[in-house]
Amino acid sequence: MNLNQVTISSKDLEISVAFYKLLGLQLIVDALPRYARFTCPNGEATFSIHQKINMQSRDNTTVYFEDDTLKVLVFKLKQKGITFTSDIEDKSWLWTEAHLEDSDGNKIILFNAGKSRKKSPWRI
């Protein structure tokens with residue numbers, strides 16, 4: 001089994017699409033205002049957004065994007081005006097992470113896990 005796609009909700013896809021393009025995702029399906037789908041610069045999984053006008057709380061979704069050059073990526077995104085809710089930090093689970101949110105409050109974690117992504121010391 002392999003992860004094919006993750007879909008999140010958004011009240012305003014035009015704003016969301018602009019944000020995710022700024023992060024570096026490549027738009028491959030433009031069915032605005034209802035749906036948009038992206039590919040990531042690396043890997044085979046896709047990421048999509050569907051319109052949901054009556055979204056509930058802002059604490060519904062967390063999306064993780066991995067990058068081998070996390071510090072460079074975060075620096076470039078800050079230069080583009082992206083605001084982070086927490087700067088780059090080494091975590092106790094051996095990942096390095098930086099946190100931000102999209103316009104709908106979906107949490108995004110940019111990270112680099114290296115070999116600890118799937119082979120952490122506590123893996124069973």
# chains A, B, ... in the order shown; residues from 1 in each chain; ligands from 1
$ residues_around --residues "Phe19 (chain A)" --least-positions-apart "4" --cutoff "7 Å" --atoms "only C-alpha atoms" --output "list in words"
Ile15, Leu23 and Asp102 of chain A
$ residues_around --residues "region 80-93 of chain A" --least-positions-apart "3" --cutoff "10 Å" --atoms "only C-alpha atoms" --output "list in words"
Phe19, Leu22, Leu23, Leu70, Lys71, Val74, Phe75, Lys76, Leu77, Thr96, Glu97, Ala98, His99, Leu100, Glu101, Asp102, Lys107, Ile108, Ile109, Leu110, Phe111, Asn112, Ala113, Ser116, Arg117, Ser120, Pro121 and Trp122 of chain A
$ select_by_dssp --residues "chain A" --states "strand (DSSP E)" --output "PyMOL selection string"
chain A and resi 5-10+26-31+35-39+46-51+62-66+84-90+96-101+107-112
$ select_by_dssp --residues "region 6-101 of chain A" --states "alpha helix (DSSP H)" --output "number ranges by chain"
A: 13-23, 70-79
$ closest_residue --among "A:Thr69, A:Gln5, A:Ser10, A:Ser103" --to "Thr39 (chain A)" --atoms "only C-alpha atoms"
A:Gln5
$ residues_around --residues "Asn54 (chain A)" --least-positions-apart "5" --cutoff "12 Å" --atoms "only C-alpha atoms" --output "number ranges by chain"
A: 9-12, 104
$ residues_around --residues "Arg37 (chain A)" --least-positions-apart "3" --cutoff "8 Å" --atoms "only C-alpha atoms" --output "ChimeraX atom specification"
/A:27-30,46-49
$ closest_residue --among "A:Lys78, A:Val63, A:Phe38, A:Asp68" --to "Gly114 (chain A)" --atoms "only C-alpha atoms"
A:Asp68
$ residues_around --residues "Asn4 (chain A)" --least-positions-apart "2" --cutoff "8 Å" --atoms "only C-alpha atoms" --output "PDB file with N, CA and C atoms, in the first residue's frame"
ATOM      1  N   ASN A   2       0.444   2.280  -0.692  1.00  0.00           N
ATOM      2  CA  ASN A   2       1.194   3.525  -0.775  1.00  0.00           C
ATOM      3  C   ASN A   2       0.222   4.693  -0.646  1.00  0.00           C
ATOM      4  N   VAL A   6      -3.590  13.344  -0.136  1.00  0.00           N
ATOM      5  CA  VAL A   6      -4.221  13.919   1.046  1.00  0.00           C
ATOM      6  C   VAL A   6      -5.063  15.080   0.548  1.00  0.00           C
ATOM      7  N   GLU A  44       5.785  10.962  -5.238  1.00  0.00           N
ATOM      8  CA  GLU A  44       4.666  10.619  -6.108  1.00  0.00           C
ATOM      9  C   GLU A  44       3.293  10.992  -5.535  1.00  0.00           C
ATOM     10  N   ALA A  45       3.201  11.259  -4.231  1.00  0.00           N
ATOM     11  CA  ALA A  45       1.910  11.585  -3.627  1.00  0.00           C
ATOM     12  C   ALA A  45       1.419  12.943  -4.133  1.00  0.00           C
ATOM     13  N   THR A  46       0.093  13.115  -4.110  1.00  0.00           N
ATOM     14  CA  THR A  46      -0.490  14.402  -4.479  1.00  0.00           C
ATOM     15  C   THR A  46      -1.228  14.988  -3.277  1.00  0.00           C
TER      16      THR A  46
END
$ atom_distance --atom1 "CA of Gln56 (chain A)" --atom2 "CA of Leu13 (chain A)"
16.2 Å
$ atom_distance --atom1 "CA of Leu73 (chain A)" --atom2 "CA of Gly24 (chain A)"
9.5 Å
$ closest_residue --among "A:Thr7, A:Tyr20, A:Arg34, A:Gly105" --to "Ile53 (chain A)" --atoms "only C-alpha atoms"
A:Arg34
